[in-house]
Every structure is written in structure tokens, then in C-alpha cells.
$ cat work.pdb   # PDB, C-alpha atoms and all ligand atoms
ATOM      1  CA  MET Q  23      43.684  58.594-101.694
ATOM      2  CA  LYS Q  24      46.504  56.134-102.332
ATOM      3  CA  THR Q  25      45.472  54.457-105.582
ATOM      4  CA  LEU Q  26      46.878  51.774-107.859
ATOM      5  CA  VAL Q  27      45.651  51.133-111.380
ATOM      6  CA  ILE Q  28      46.971  47.719-112.363
ATOM      7  CA  TYR Q  29      46.548  46.467-115.903
ATOM      8  CA  ASP Q  30      47.692  43.940-118.442
ATOM      9  CA  SER Q  31      47.799  44.687-122.148
ATOM     10  CA  VAL Q  32      48.953  42.793-125.240
ATOM     11  CA  PHE Q  33      48.462  45.424-127.961
ATOM     12  CA  GLY Q  34      48.390  48.600-125.836
ATOM     13  CA  ASN Q  35      44.673  49.362-125.778
ATOM     14  CA  THR Q  36      44.052  48.380-122.139
ATOM     15  CA  GLU Q  37      47.174  50.317-121.219
ATOM     16  CA  GLN Q  38      45.691  53.450-122.793
ATOM     17  CA  ILE Q  39      42.458  52.947-120.842
ATOM     18  CA  ALA Q  40      44.412  52.405-117.608
ATOM     19  CA  GLN Q  41      46.264  55.661-118.196
ATOM     20  CA  ALA Q  42      43.061  57.568-118.921
ATOM     21  CA  ILE Q  43      41.590  56.194-115.676
ATOM     22  CA  GLY Q  44      44.700  56.972-113.623
ATOM     23  CA  ASN Q  45      44.991  60.484-115.032
ATOM     24  CA  ALA Q  46      41.325  61.183-114.295
ATOM     25  CA  LEU Q  47      41.811  60.336-110.622
ATOM     26  CA  GLY Q  48      43.673  63.519-109.882
ATOM     27  CA  SER Q  49      46.716  64.106-107.716
ATOM     28  CA  GLN Q  50      49.541  62.274-109.454
ATOM     29  CA  LYS Q  51      51.579  61.603-106.335
ATOM     30  CA  ASP Q  52      48.854  59.347-104.966
ATOM     31  CA  VAL Q  53      48.010  57.483-108.180
ATOM     32  CA  GLU Q  54      50.263  54.877-109.747
ATOM     33  CA  ILE Q  55      49.514  53.117-113.023
ATOM     34  CA  LEU Q  56      51.375  49.816-113.212
ATOM     35  CA  ARG Q  57      51.607  46.910-115.630
ATOM     36  CA  VAL Q  58      50.755  43.773-113.661
ATOM     37  CA  SER Q  59      54.165  42.219-114.324
ATOM     38  CA  ASN Q  60      55.814  45.149-112.489
ATOM     39  CA  VAL Q  61      53.716  44.999-109.306
ATOM     40  CA  LYS Q  62      55.438  43.971-106.096
ATOM     41  CA  PRO Q  63      53.267  42.571-103.251
ATOM     42  CA  GLU Q  64      54.378  45.304-100.823
ATOM     43  CA  GLN Q  65      52.856  47.933-103.139
ATOM     44  CA  LEU Q  66      49.426  46.819-101.947
ATOM     45  CA  THR Q  67      50.042  47.903 -98.357
ATOM     46  CA  GLY Q  68      48.345  51.104 -97.258
ATOM     47  CA  LEU Q  69      46.293  51.123-100.438
ATOM     48  CA  GLU Q  70      42.901  52.847-100.423
ATOM     49  CA  LEU Q  71      41.731  52.215-103.983
ATOM     50  CA  LEU Q  72      42.703  49.386-106.339
ATOM     51  CA  ILE Q  73      41.502  49.358-109.953
ATOM     52  CA  VAL Q  74      42.352  46.303-112.061
ATOM     53  CA  GLY Q  75      41.915  45.968-115.825
ATOM     54  CA  SER Q  76      42.610  43.342-118.466
ATOM     55  CA  PRO Q  77      41.979  42.686-122.118
ATOM     56  CA  THR Q  78      39.240  40.067-122.519
ATOM     57  CA  ARG Q  79      40.947  36.984-123.978
ATOM     58  CA  GLN Q  80      38.673  34.008-124.547
ATOM     59  CA  PHE Q  81      36.054  35.532-122.249
ATOM     60  CA  ARG Q  82      38.498  35.894-119.351
ATOM     61  CA  PRO Q  83      41.251  38.105-117.956
ATOM     62  CA  THR Q  84      44.835  37.283-119.001
ATOM     63  CA  ALA Q  85      46.803  34.663-117.072
ATOM     64  CA  ALA Q  86      48.986  37.405-115.569
ATOM     65  CA  ILE Q  87      45.950  39.199-114.115
ATOM     66  CA  ASN Q  88      44.471  35.926-112.847
ATOM     67  CA  ASN Q  89      47.757  35.007-111.164
ATOM     68  CA  PHE Q  90      48.075  38.450-109.594
ATOM     69  CA  LEU Q  91      44.540  38.169-108.171
ATOM     70  CA  LYS Q  92      45.167  34.652-106.880
ATOM     71  CA  ARG Q  93      48.307  35.756-105.061
ATOM     72  CA  ILE Q  94      46.497  38.420-103.007
ATOM     73  CA  PRO Q  95      46.171  36.920 -99.506
ATOM     74  CA  LYS Q  96      42.773  36.093 -98.022
ATOM     75  CA  ASN Q  97      41.236  39.350 -96.740
ATOM     76  CA  GLY Q  98      44.226  41.159 -98.270
ATOM     77  CA  LEU Q  99      41.870  43.842 -99.613
ATOM     78  CA  LYS Q 100      39.932  44.415 -96.377
ATOM     79  CA  GLY Q 101      39.224  48.159 -96.162
ATOM     80  CA  VAL Q 102      40.311  48.736 -99.774
ATOM     81  CA  LYS Q 103      37.903  50.188-102.352
ATOM     82  CA  VAL Q 104      38.046  48.225-105.617
ATOM     83  CA  ALA Q 105      36.898  48.467-109.233
ATOM     84  CA  ALA Q 106      37.467  46.417-112.388
ATOM     85  CA  PHE Q 107      37.445  47.041-116.128
ATOM     86  CA  ASP Q 108      38.276  45.269-119.350
ATOM     87  CA  THR Q 109      38.651  45.916-123.020
ATOM     88  CA  ARG Q 110      36.589  43.843-125.426
ATOM     89  CA  PHE Q 111      35.175  43.523-128.932
ATOM     90  CA  THR Q 112      32.177  45.611-129.902
ATOM     91  CA  MET Q 113      28.877  43.758-130.325
ATOM     92  CA  SER Q 114      29.030  44.322-134.076
ATOM     93  CA  VAL Q 115      32.380  42.464-134.308
ATOM     94  CA  ILE Q 116      31.013  39.653-132.117
ATOM     95  CA  GLU Q 117      27.907  39.360-134.282
ATOM     96  CA  GLU Q 118      30.019  38.860-137.410
ATOM     97  CA  SER Q 119      30.776  35.396-136.062
ATOM     98  CA  ARG Q 120      28.177  32.640-136.020
ATOM     99  CA  VAL Q 121      29.299  31.051-132.738
ATOM    100  CA  LEU Q 122      30.816  33.913-130.735
ATOM    101  CA  PRO Q 123      27.494  35.538-129.643
ATOM    102  CA  PHE Q 124      26.447  32.264-127.972
ATOM    103  CA  PHE Q 125      29.711  31.939-126.020
ATOM    104  CA  VAL Q 126      29.781  35.632-125.091
ATOM    105  CA  ARG Q 127      26.288  35.290-123.610
ATOM    106  CA  LEU Q 128      27.455  32.225-121.701
ATOM    107  CA  PHE Q 129      30.900  33.317-120.493
ATOM    108  CA  GLY Q 130      30.874  37.128-120.692
ATOM    109  CA  TYR Q 131      33.975  39.288-120.416
ATOM    110  CA  ALA Q 132      36.982  39.806-118.132
ATOM    111  CA  ALA Q 133      35.783  42.638-115.869
ATOM    112  CA  LYS Q 134      33.133  40.682-113.938
ATOM    113  CA  PRO Q 135      35.425  37.810-112.829
ATOM    114  CA  ILE Q 136      38.060  40.397-111.854
ATOM    115  CA  SER Q 137      35.575  42.302-109.681
ATOM    116  CA  ASP Q 138      34.295  39.028-108.152
ATOM    117  CA  ARG Q 139      37.845  38.083-107.207
ATOM    118  CA  LEU Q 140      38.602  41.534-105.763
ATOM    119  CA  LYS Q 141      35.467  41.304-103.611
ATOM    120  CA  LYS Q 142      36.370  37.770-102.515
ATOM    121  CA  LYS Q 143      39.675  39.111-101.222
ATOM    122  CA  GLY Q 144      37.784  41.555 -99.012
ATOM    123  CA  GLY Q 145      37.609  44.593-101.313
ATOM    124  CA  GLU Q 146      34.629  46.971-101.360
ATOM    125  CA  LEU Q 147      33.346  47.304-104.922
ATOM    126  CA  ILE Q 148      32.601  51.000-105.542
ATOM    127  CA  ILE Q 149      31.308  50.853-109.123
ATOM    128  CA  PRO Q 150      30.026  48.030-111.357
ATOM    129  CA  PRO Q 151      32.629  46.430-113.663
ATOM    130  CA  GLU Q 152      32.898  48.179-117.029
ATOM    131  CA  GLY Q 153      34.064  47.244-120.533
ATOM    132  CA  PHE Q 154      35.702  49.521-123.090
ATOM    133  CA  TYR Q 155      35.548  48.712-126.774
ATOM    134  CA  VAL Q 156      38.195  48.006-129.401
ATOM    135  CA  LYS Q 157      37.328  48.133-133.099
ATOM    136  CA  ASP Q 158      39.408  45.002-133.812
ATOM    137  CA  SER Q 159      41.687  42.540-131.941
ATOM    138  CA  GLU Q 160      44.686  44.839-131.979
ATOM    139  CA  GLY Q 161      42.659  48.021-131.661
ATOM    140  CA  PRO Q 162      42.341  50.851-132.058
ATOM    141  CA  LEU Q 163      39.922  51.760-129.305
ATOM    142  CA  LYS Q 164      36.480  52.834-130.457
ATOM    143  CA  ASP Q 165      36.201  56.615-130.607
ATOM    144  CA  GLY Q 166      35.372  58.240-127.292
ATOM    145  CA  GLU Q 167      36.453  55.310-125.105
ATOM    146  CA  LEU Q 168      39.291  57.198-123.394
ATOM    147  CA  GLU Q 169      36.828  59.918-122.400
ATOM    148  CA  ARG Q 170      34.305  57.295-121.242
ATOM    149  CA  ALA Q 171      37.013  55.629-119.133
ATOM    150  CA  ALA Q 172      37.926  58.951-117.510
ATOM    151  CA  ALA Q 173      34.236  59.603-116.730
ATOM    152  CA  TRP Q 174      33.867  56.086-115.252
ATOM    153  CA  ALA Q 175      36.862  56.695-112.973
ATOM    154  CA  ARG Q 176      35.542  60.058-111.801
ATOM    155  CA  LEU Q 177      32.159  58.487-111.059
ATOM    156  CA  ALA Q 178      33.866  55.708-109.066
ATOM    157  CA  ILE Q 179      35.500  58.120-106.637
ATOM    158  CA  LYS Q 180      32.368  60.253-106.250
ATOM    159  CA  THR Q 181      30.388  57.381-104.754
TER     160      THR Q 181
HETATM  161  C1  LIG Y 201      43.304  35.469-128.691
HETATM  162  C2  LIG Y 201      42.285  36.555-128.476
HETATM  163  C3  LIG Y 201      41.102  36.253-127.812
HETATM  164  C4  LIG Y 201      40.131  37.255-127.612
HETATM  165  N1  LIG Y 201      38.983  36.923-126.967
HETATM  166  C5  LIG Y 201      38.019  37.872-126.814
HETATM  167  C6  LIG Y 201      36.789  37.569-126.156
HETATM  168  O1  LIG Y 201      36.540  36.452-125.716
HETATM  169  N2  LIG Y 201      35.857  38.552-126.033
HETATM  170  C7  LIG Y 201      36.073  39.811-126.491
HETATM  171  O2  LIG Y 201      35.186  40.656-126.371
HETATM  172  N3  LIG Y 201      37.249  40.152-127.099
HETATM  173  C8  LIG Y 201      38.219  39.209-127.268
HETATM  174  N4  LIG Y 201      39.391  39.541-127.879
HETATM  175  C9  LIG Y 201      39.660  40.934-128.239
HETATM  176  C10 LIG Y 201      40.508  41.541-127.134
HETATM  177  O3  LIG Y 201      39.680  41.872-126.053
HETATM  178  C11 LIG Y 201      41.338  42.719-127.636
HETATM  179  O4  LIG Y 201      42.429  42.157-128.342
HETATM  180  C12 LIG Y 201      41.830  43.550-126.482
HETATM  181  O5  LIG Y 201      40.791  44.346-125.981
HETATM  182  C13 LIG Y 201      42.979  44.424-126.859
HETATM  183  O6  LIG Y 201      43.536  44.944-125.673
HETATM  184  P1  LIG Y 201      45.099  45.140-125.535
HETATM  185  O7  LIG Y 201      45.517  46.004-126.674
HETATM  186  O8  LIG Y 201      45.289  45.788-124.235
HETATM  187  O9  LIG Y 201      45.747  43.775-125.591
HETATM  188  C14 LIG Y 201      40.360  38.562-128.093
HETATM  189  C15 LIG Y 201      41.545  38.850-128.777
HETATM  190  C16 LIG Y 201      42.503  37.881-128.973
HETATM  191  C17 LIG Y 201      43.757  38.219-129.728
END
$ encode --input "work.pdb" --output "C-alpha cells" --more "lines below"
Ligand SMILES: Cc1cc2nc3c(=O)[nH]c(=O)nc-3n(C[C@H](O)[C@H](O)[C@H](O)COP(=O)(O)O)c2cc1C
Amino acid sequence: MKTLVIYDSVFGNTEQIAQAIGNALGSQKDVEILRVSNVKPEQLTGLELLIVGSPTRQFRPTAAINNFLKRIPKNGLKGVKVAAFDTRFTMSVIEESRVLPFFVRLFGYAAKPISDRLKKKGGELIIPPEGFYVKDSEGPLKDGELERAAAWARLAIKT
């Protein structure tokens, strides 16, 4: 299955998750893991599965991920299976702040708007959006998150 895992990453944590997901999907010749800034539009042709991930920054995906999603033509993902993930703070970090819990409840995280946009472009969502946790802004990832990401990816292609 021709697959692209496209990600953005500021401190490297989302990149690690993207790699864990890509590596879990099997046959390396069919799976490419690409930073969003290196994706060329023609790489989307003939695609069967597209997985997009971003760090959550102010409740949203990064500008680079948003721009990439906007540039996909209308119905450009017709017949393509899609999935979305993000990295985000743990609840215990969020609860250290007095105001953050309120805004997180209101605005959420990056993965949901990514999956909404992928579906709007015609993609078939094969697994609910998922978040993977960092212990602090710059990481590291919470223990076990790479394994959880690999399991999420394997579940996505089983369905
Ligand atoms: C400016 C900034 C804003 C952030 N906003 C959020 C947020 O709204 N919600 C959240 O859960 N985490 C937030 N974080 C934590 C990031 O999600 C975390 O830095 C990211 O997962 C790290 O991924 P990366 O190493 O791939 O950049 C923010 C971090 C920074 C630096």
C-alpha cells in the first residue's frame, strides 16, 4: 500500500512519532516518512494511505501543516485512506496552569482539525485522530509513546 507519513516538528518529538508510525507500517519501499516542508504535490498521486501529524501549538497544527492541507485540491484525496495524529502536553502539565484547562476544553488539539481537513478533501478516515504525549514543551516523549504510536498505526491498517 503506497503510504506517506507527513509530519511537522519543532523539537523532534513529532518526528520520532512519525518514524515509529512509518516503521510499523511494514514494507519500507511503499512507506515514505516526510517532513511537510519537503513534500512535493506530485508525491500525492497514486497514494493509498496518507497519515499527517503535527505538534499541537496553541491548540492547532503548525502553519506549515495547515498550508499543506489547504493546498490539497478539492477531492484531491478521493479514494485515499487517511489518518491524523498530534503530539501534545499531558493532562498533568495542562492542569498546572490555571487557564489552560479551560482553553484546551474549548479548542482541543491539532489531530482533530487535521483529520477534518483530510476528510473534507475526500479522504476516508480509517482510525480516529490520536494524540501522543510529551513530558514538557521540548519533550521528551512520555515513556511508551513510540510503542503506542506503532500500535495505533498497525490498528489503522487492520481496519
Ligand atoms: C508555543 C507553544 C505552544 C504550545 N501549545 C500547546 C497546546 O495548545 N496544547 C498542547 O497540548 N501542547 C502545546 N504545546 C506543546 C507542544 O505540543 C510540544 O512542544 C510538541 O508536542 C513538541 O513536538 P515537536 O518536538 O515535534 O515540536 C505548545 C508548545 C509550544 C512551544
$ closest_atom_pairs --input "work.pdb" --of "chain Q" --to "ligand LIG 201 (chain Y)" --cutoff "9 Å" --atoms "all atoms listed in the file" --output "tab-separated table"
residue	atom	partner	partner_atom	distance
Q:Tyr29	CA	Y:LIG201	O8	8.5
Q:Asp30	CA	Y:LIG201	O8	6.5
Q:Ser31	CA	Y:LIG201	O8	3.4
Q:Val32	CA	Y:LIG201	O9	3.4
Q:Phe33	CA	Y:LIG201	O7	3.3
Q:Gly34	CA	Y:LIG201	O7	4.0
Q:Asn35	CA	Y:LIG201	O7	3.6
Q:Thr36	CA	Y:LIG201	O8	3.6
Q:Glu37	CA	Y:LIG201	O8	5.8
Q:Gln38	CA	Y:LIG201	O8	7.8
Q:Ile39	CA	Y:LIG201	O8	8.4
Q:Ser76	CA	Y:LIG201	O8	6.8
Q:Pro77	CA	Y:LIG201	O5	4.4
Q:Thr78	CA	Y:LIG201	O3	4.0
Q:Arg79	CA	Y:LIG201	N1	3.6
Q:Gln80	CA	Y:LIG201	O1	3.4
Q:Phe81	CA	Y:LIG201	O1	3.6
Q:Arg82	CA	Y:LIG201	O1	6.7
Q:Asp108	CA	Y:LIG201	O5	7.2
Q:Thr109	CA	Y:LIG201	O5	4.0
Q:Arg110	CA	Y:LIG201	O2	3.6
Q:Phe111	CA	Y:LIG201	O2	3.8
Q:Thr112	CA	Y:LIG201	O2	6.8
Q:Met113	CA	Y:LIG201	O2	8.1
Q:Val115	CA	Y:LIG201	O2	8.6
Q:Ile116	CA	Y:LIG201	O2	7.2
Q:Leu122	CA	Y:LIG201	O1	8.0
Q:Phe125	CA	Y:LIG201	O1	8.2
Q:Val126	CA	Y:LIG201	N2	6.8
Q:Phe129	CA	Y:LIG201	O1	8.3
Q:Gly130	CA	Y:LIG201	N2	7.4
Q:Tyr131	CA	Y:LIG201	N2	6.0
Q:Ala132	CA	Y:LIG201	N2	8.1
Q:Gly153	CA	Y:LIG201	O2	8.9
Q:Phe154	CA	Y:LIG201	O5	7.8
Q:Tyr155	CA	Y:LIG201	O5	6.9
Q:Val156	CA	Y:LIG201	O5	5.6
Q:Lys157	CA	Y:LIG201	C11	8.7
Q:Asp158	CA	Y:LIG201	C11	6.9
Q:Ser159	CA	Y:LIG201	O4	3.7
Q:Glu160	CA	Y:LIG201	O4	5.1
Q:Gly161	CA	Y:LIG201	C13	6.0
Q:Pro162	CA	Y:LIG201	O7	7.9
Q:Leu163	CA	Y:LIG201	O5	8.2
$ closest_residue --input "work.pdb" --among "Q:Thr25, Q:Pro95, Q:Ala46, Q:Phe124" --to "Leu177 (chain Q)" --atoms "all atoms listed in the file"
Q:Ala46
$ closest_residue --input "work.pdb" --among "Q:Ser114, Q:Lys134, Q:Gln41, Q:Met23" --to "Glu169 (chain Q)" --atoms "only C-alpha atoms"
Q:Gln41
$ atom_distance --input "work.pdb" --atom1 "CA of Lys142 (chain Q)" --atom2 "CA of Ala171 (chain Q)"
24.4 Å
$ axis_aligned_box --input "work.pdb" --around "region 102-116 of chain Q" --padding-each-side "8 Å" --output "lines of an AutoDock Vina configuration file"
center_x = 34.6
center_y = 44.9
center_z = -117.0
size_x = 27.4
size_y = 26.5
size_z = 50.5
$ decode --input "work.pdb" --residues "region 98-119 of chain Q" --atoms "N, CA, C and O atoms" --output "mmCIF file, in the first residue's frame"
data_model
loop_
_atom_site.group_PDB
_atom_site.id
_atom_site.type_symbol
_atom_site.label_atom_id
_atom_site.label_comp_id
_atom_site.auth_asym_id
_atom_site.auth_seq_id
_atom_site.Cartn_x
_atom_site.Cartn_y
_atom_site.Cartn_z
ATOM 1 N N GLY Q 98 -9.026 16.022 -3.788
ATOM 2 C CA GLY Q 98 -7.673 15.509 -4.069
ATOM 3 C C GLY Q 98 -7.349 14.228 -3.320
ATOM 4 O O GLY Q 98 -6.381 13.544 -3.655
ATOM 5 N N LEU Q 99 -8.149 13.906 -2.288
ATOM 6 C CA LEU Q 99 -7.887 12.677 -1.523
ATOM 7 C C LEU Q 99 -8.981 11.632 -1.741
ATOM 8 O O LEU Q 99 -9.110 10.694 -0.953
ATOM 9 N N LYS Q 100 -9.736 11.791 -2.817
ATOM 10 C CA LYS Q 100 -10.793 10.816 -3.149
ATOM 11 C C LYS Q 100 -10.127 9.438 -3.319
ATOM 12 O O LYS Q 100 -9.137 9.311 -4.043
ATOM 13 N N GLY Q 101 -10.641 8.434 -2.629
ATOM 14 C CA GLY Q 101 -10.078 7.088 -2.749
ATOM 15 C C GLY Q 101 -8.829 6.855 -1.905
ATOM 16 O O GLY Q 101 -8.230 5.789 -1.963
ATOM 17 N N VAL Q 102 -8.436 7.877 -1.133
ATOM 18 C CA VAL Q 102 -7.236 7.732 -0.286
ATOM 19 C C VAL Q 102 -7.681 7.512 1.165
ATOM 20 O O VAL Q 102 -8.556 8.224 1.677
ATOM 21 N N LYS Q 103 -7.082 6.519 1.826
ATOM 22 C CA LYS Q 103 -7.339 6.326 3.259
ATOM 23 C C LYS Q 103 -6.513 7.362 4.018
ATOM 24 O O LYS Q 103 -5.357 7.626 3.628
ATOM 25 N N VAL Q 104 -7.069 7.932 5.081
ATOM 26 C CA VAL Q 104 -6.348 8.977 5.813
ATOM 27 C C VAL Q 104 -6.413 8.757 7.321
ATOM 28 O O VAL Q 104 -7.340 8.101 7.829
ATOM 29 N N ALA Q 105 -5.418 9.321 8.016
ATOM 30 C CA ALA Q 105 -5.393 9.301 9.479
ATOM 31 C C ALA Q 105 -4.567 10.492 9.954
ATOM 32 O O ALA Q 105 -3.723 11.012 9.206
ATOM 33 N N ALA Q 106 -4.838 10.937 11.188
ATOM 34 C CA ALA Q 106 -4.152 12.127 11.704
ATOM 35 C C ALA Q 106 -3.718 11.910 13.148
ATOM 36 O O ALA Q 106 -4.403 11.240 13.923
ATOM 37 N N PHE Q 107 -2.566 12.511 13.489
ATOM 38 C CA PHE Q 107 -2.106 12.445 14.880
ATOM 39 C C PHE Q 107 -1.454 13.769 15.260
ATOM 40 O O PHE Q 107 -1.123 14.583 14.400
ATOM 41 N N ASP Q 108 -1.292 13.948 16.569
ATOM 42 C CA ASP Q 108 -0.522 15.103 17.034
ATOM 43 C C ASP Q 108 0.323 14.692 18.216
ATOM 44 O O ASP Q 108 0.204 13.573 18.724
ATOM 45 N N THR Q 109 1.192 15.617 18.629
ATOM 46 C CA THR Q 109 1.811 15.496 19.937
ATOM 47 C C THR Q 109 1.289 16.661 20.767
ATOM 48 O O THR Q 109 0.884 17.690 20.229
ATOM 49 N N ARG Q 110 1.273 16.465 22.076
ATOM 50 C CA ARG Q 110 0.600 17.418 22.966
ATOM 51 C C ARG Q 110 1.111 17.242 24.395
ATOM 52 O O ARG Q 110 1.732 16.239 24.729
ATOM 53 N N PHE Q 111 0.774 18.236 25.223
ATOM 54 C CA PHE Q 111 1.084 18.161 26.655
ATOM 55 C C PHE Q 111 0.252 17.071 27.313
ATOM 56 O O PHE Q 111 -0.888 16.822 26.902
ATOM 57 N N THR Q 112 0.776 16.515 28.393
ATOM 58 C CA THR Q 112 -0.040 15.609 29.207
ATOM 59 C C THR Q 112 -1.052 16.441 30.001
ATOM 60 O O THR Q 112 -0.847 17.642 30.212
ATOM 61 N N MET Q 113 -2.112 15.800 30.456
ATOM 62 C CA MET Q 113 -3.121 16.498 31.259
ATOM 63 C C MET Q 113 -2.501 17.090 32.526
ATOM 64 O O MET Q 113 -2.879 18.175 32.951
ATOM 65 N N SER Q 114 -1.506 16.389 33.097
ATOM 66 C CA SER Q 114 -0.954 16.923 34.347
ATOM 67 C C SER Q 114 -0.189 18.218 34.097
ATOM 68 O O SER Q 114 -0.216 19.127 34.932
ATOM 69 N N VAL Q 115 0.459 18.369 32.945
ATOM 70 C CA VAL Q 115 1.122 19.652 32.622
ATOM 71 C C VAL Q 115 0.047 20.724 32.409
ATOM 72 O O VAL Q 115 0.162 21.848 32.922
ATOM 73 N N ILE Q 116 -1.006 20.366 31.670
ATOM 74 C CA ILE Q 116 -2.068 21.345 31.385
ATOM 75 C C ILE Q 116 -2.712 21.828 32.687
ATOM 76 O O ILE Q 116 -2.983 23.020 32.863
ATOM 77 N N GLU Q 117 -2.885 20.888 33.626
ATOM 78 C CA GLU Q 117 -3.568 21.261 34.872
ATOM 79 C C GLU Q 117 -2.702 22.082 35.827
ATOM 80 O O GLU Q 117 -3.193 22.631 36.807
ATOM 81 N N GLU Q 118 -1.405 22.196 35.507
ATOM 82 C CA GLU Q 118 -0.550 23.078 36.316
ATOM 83 C C GLU Q 118 -0.903 24.546 36.071
ATOM 84 O O GLU Q 118 -0.559 25.419 36.869
ATOM 85 N N SER Q 119 -1.527 24.810 34.930
ATOM 86 C CA SER Q 119 -1.889 26.182 34.595
ATOM 87 C C SER Q 119 -3.326 26.443 35.036
ATOM 88 O O SER Q 119 -4.164 25.539 35.024
#
